[in-house]
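Below you'll find the structure, written out as structure tokens, and then a few comments.
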Amino acid sequence: MTFTTIATTTAKEIASEFLPRIRIYKDGTVERLLGSPYVPPSPHDPQTRVSSKDLTFSHNPNISARLYLPNVPQNQTQKLPILVYFHGGAFCIESAFSFLDHRYLNRLVSEAQVIAVSVEYRLAPENPLPIAYEDCWAALQWVTSHANNEELDDNKEPWLLNYGDFDRLYIGGDSAGGNIAHNLAMKVGAESLFGAVKILGAFLSHSYFWGSKPIGSEPKGEDFEKTMEYKVWDFVYPSAPGGIDNPMVNPAGEGAPSLAGLGCSKLLVCVAGKDQLRDRGVWYCDLVRESGWKGEVELFEVEGEDHCFHILSGTETENVKKMIKRLASFLV
């Protein structure tokens, strides 16, 4: 994967590329070369019977989300756990409204019987980091604004008011979304959410962490700096203090706050045996354990699988089912 500057003589000249994901033209337009197509929400998914809908919860800036509600009886009074979810895609592709994430959230919500809020955060390079972190923080604050508030106004969501159990609030994400979940858990540890709501747990699945030095089986020497994981950070966050060792991508980077400050009670770190990010996930889990954090942390590995296999797989293989069931059992 390369990041190159190209001069052309065509009518629409290419300014730069981050292949195979993005192409940027000199007129400022951005072409996304990867990513699954957008799909509409479903009032009643035929496979899972999960309902979904889209809403905009902030107009300045404009931030939206897709909400998911499992099939519940009309007379159900028991409240459901809430998951605020952050999709993957290297901070620059994919969407809360994409086919892959829609299928994945339908599966997870059905299995776990949770309400999910999948955040449509703004993407780089048009909106470089830290904007995605800020959007996701705004989403989390909007969700928690429903706690202890039974009045429905223009910015309140009935599914959260009627079905949400704010004593069982979770955050989670895959790949870049796992990185976002980590950084929000750190922020919650330092700042309060609306209504003093606490995050019960966070799952970080195949999360994007990196740094200036290779660990474990990662490529060595010049090959390390050629990895997509190394290059993408500068592409999505060119102004990051400390570059690839910024604490938001390297939790052990210079000046990083102690992981003992994670603002949740339990943590599930998921890795896949063939994933290039696998060793970083194990390393992160060890860092948390060594930090003196008071919560419960678990490492869950699925061997023989690659990055985000449970989202990308078109079929529900045994390993996909295993992964979904483990995430679902965490969200209780």
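By order of appearance in the structure tokens: chains A, B, ..., then residues from 1 within every chain, and ligands from 1 in the order shown.
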
**Request:** Excluding Ser95 (chain A) and residues on its chain fewer than 2 positions from it, collect all residues at most 10 Å away from it, counting only C-alpha atoms, and give them as a list of chain:residue names.
**Result:** A:Gly35, A:Ser36, A:Pro37, A:Tyr38, A:Ala65, A:Arg66, A:Phe86, A:His87, A:Gly88, A:Gly89, A:Phe91, A:Cys92, A:Ile93, A:Phe97, A:Ser98, A:Phe99, A:Leu100, A:Asp101, A:His102, A:Ser118, A:Val119, A:Glu120, A:Tyr121, A:Arg122, A:Leu123

**Message:** Using DSSP assignments from the backbone, pull out every residue in region 6-169 of chain A that falls under strand (DSSP E) and give it to me as a ChimeraX atom specification.
**Reply:** /A:14-18,22-25,30-32,51-59,62-69,80-86,115-120,164-169

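With distances restricted to only C-alpha atoms, A:Lys274 is the closest residue to Asp306 (chain A) from A:Lys274, A:Gly189, A:Arg23, A:Leu287.
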
**Request:** Rank A:His182, A:Lys220, A:His206, A:Lys266 by their smallest atom-to-atom distance to Trp137 (chain A), using only C-alpha atoms, and report the top residue only.
**Result:** A:His182

**Request:** Find, counting only C-alpha atoms, the residue in A:Ser192, A:Asn246, A:Ser207, A:Asn60 that gets nearest to Ile180 (chain A).
**Result:** A:Ser207

**Message:** With DSSP run on the backbone, what are the alpha helix (DSSP H) residues within region 157-316 of chain A? I'd like them as a PyMOL selection string.
**Reply:** chain A and resi 158-163+176-190+222-225+228-236+278-290+309-312

The selected residues should be written to file as a PDB file, in the first residue's frame (atoms: C-alpha atoms).
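Final file, selection.pdb:
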```
ATOM      1  CA  PRO A 158     -37.901   6.928  22.437  1.00  0.00           C
ATOM      2  CA  TRP A 159     -35.991   3.645  22.047  1.00  0.00           C
ATOM      3  CA  LEU A 160     -33.385   4.837  24.549  1.00  0.00           C
ATOM      4  CA  LEU A 161     -35.962   6.297  26.918  1.00  0.00           C
ATOM      5  CA  ASN A 162     -38.294   3.301  26.820  1.00  0.00           C
ATOM      6  CA  TYR A 163     -35.870   0.385  26.595  1.00  0.00           C
ATOM      7  CA  ALA A 176     -10.199   1.969  14.109  1.00  0.00           C
ATOM      8  CA  GLY A 177     -13.423   1.759  16.092  1.00  0.00           C
ATOM      9  CA  GLY A 178     -11.625  -0.200  18.795  1.00  0.00           C
ATOM     10  CA  ASN A 179      -9.062   2.583  18.961  1.00  0.00           C
ATOM     11  CA  ILE A 180     -11.911   5.080  19.382  1.00  0.00           C
ATOM     12  CA  ALA A 181     -13.443   2.950  22.147  1.00  0.00           C
ATOM     13  CA  HIS A 182     -10.117   2.952  24.013  1.00  0.00           C
ATOM     14  CA  ASN A 183      -9.700   6.705  23.728  1.00  0.00           C
ATOM     15  CA  LEU A 184     -13.258   7.379  24.855  1.00  0.00           C
ATOM     16  CA  ALA A 185     -12.827   5.042  27.822  1.00  0.00           C
ATOM     17  CA  MET A 186      -9.759   7.080  28.782  1.00  0.00           C
ATOM     18  CA  LYS A 187     -11.711  10.321  28.402  1.00  0.00           C
ATOM     19  CA  VAL A 188     -14.568   8.992  30.532  1.00  0.00           C
ATOM     20  CA  GLY A 189     -12.003   8.192  33.210  1.00  0.00           C
ATOM     21  CA  ALA A 190     -10.994  11.852  33.298  1.00  0.00           C
ATOM     22  CA  GLU A 222      12.363  -0.337   6.606  1.00  0.00           C
ATOM     23  CA  ASP A 223       9.528  -2.796   6.059  1.00  0.00           C
ATOM     24  CA  PHE A 224       7.938  -1.626   9.310  1.00  0.00           C
ATOM     25  CA  GLU A 225       7.655   1.971   8.100  1.00  0.00           C
ATOM     26  CA  MET A 228      -0.284   0.448   6.108  1.00  0.00           C
ATOM     27  CA  GLU A 229      -0.650   0.657   9.884  1.00  0.00           C
ATOM     28  CA  TYR A 230       2.393   2.948  10.088  1.00  0.00           C
ATOM     29  CA  LYS A 231       1.448   5.178   7.156  1.00  0.00           C
ATOM     30  CA  VAL A 232      -2.267   5.567   7.754  1.00  0.00           C
ATOM     31  CA  TRP A 233      -1.855   7.481  11.003  1.00  0.00           C
ATOM     32  CA  ASP A 234      -0.105  10.417   9.322  1.00  0.00           C
ATOM     33  CA  PHE A 235      -2.745  10.333   6.577  1.00  0.00           C
ATOM     34  CA  VAL A 236      -5.682  10.586   8.977  1.00  0.00           C
ATOM     35  CA  ARG A 278      -2.804  -9.245  16.750  1.00  0.00           C
ATOM     36  CA  ASP A 279       0.409  -8.632  18.711  1.00  0.00           C
ATOM     37  CA  ARG A 280      -0.597  -5.036  19.472  1.00  0.00           C
ATOM     38  CA  GLY A 281      -3.852  -6.290  20.958  1.00  0.00           C
ATOM     39  CA  VAL A 282      -2.030  -8.752  23.227  1.00  0.00           C
ATOM     40  CA  TRP A 283       0.474  -6.017  24.134  1.00  0.00           C
ATOM     41  CA  TYR A 284      -2.334  -3.587  24.965  1.00  0.00           C
ATOM     42  CA  CYS A 285      -4.001  -6.167  27.177  1.00  0.00           C
ATOM     43  CA  ASP A 286      -0.723  -6.696  29.032  1.00  0.00           C
ATOM     44  CA  LEU A 287      -0.281  -2.926  29.453  1.00  0.00           C
ATOM     45  CA  VAL A 288      -3.706  -2.665  31.044  1.00  0.00           C
ATOM     46  CA  ARG A 289      -2.975  -5.531  33.434  1.00  0.00           C
ATOM     47  CA  GLU A 290       0.366  -3.991  34.423  1.00  0.00           C
ATOM     48  CA  PHE A 309     -13.232 -11.676   9.796  1.00  0.00           C
ATOM     49  CA  HIS A 310     -16.504 -11.625  11.747  1.00  0.00           C
ATOM     50  CA  ILE A 311     -17.605  -8.498   9.865  1.00  0.00           C
ATOM     51  CA  LEU A 312     -16.211  -9.301   6.430  1.00  0.00           C
TER      52      LEU A 312
END
```

**Message:** Need to verify the contact set: Cys270 (chain A), 6 Å, only C-alpha atoms, exclusion of same-chain residues closer than 3 positions in sequence. Can you return it as a list in words?
**Reply:**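 In the requested format, the answer is Ser205, His206, Leu299, Phe300 and Glu301 of chain A.
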
**Asked** Using only C-alpha atoms, which of the listed residues (A:Met323, A:Pro61, A:Gln141, A:Ser110) sits closest to Asn127 (chain A)?
**Response** A:Pro61

**Among the residues A:Ser291, A:Glu111, A:Arg103, A:Pro251, the one that comes closest to Thr315 (chain A) [using only C-alpha atoms]** =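 Result for the nearest residue to Thr315 (chain A): A:Arg103.
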
**Prompt:** Pick from A:Asn71, A:Gly263, A:Tyr133, A:Phe57: nearest to Ser145 (chain A), with only C-alpha atoms counted?
**Reply:**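 Looking at the shortest contact to Ser145 (chain A), the residue is A:Phe57.
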
**All residues 10 Å or closer to Asn148 (chain A), only C-alpha atoms, same chain fewer than 6 positions away omitted, as a PyMOL selection string** = chain A and resi 161+166+194-195+197
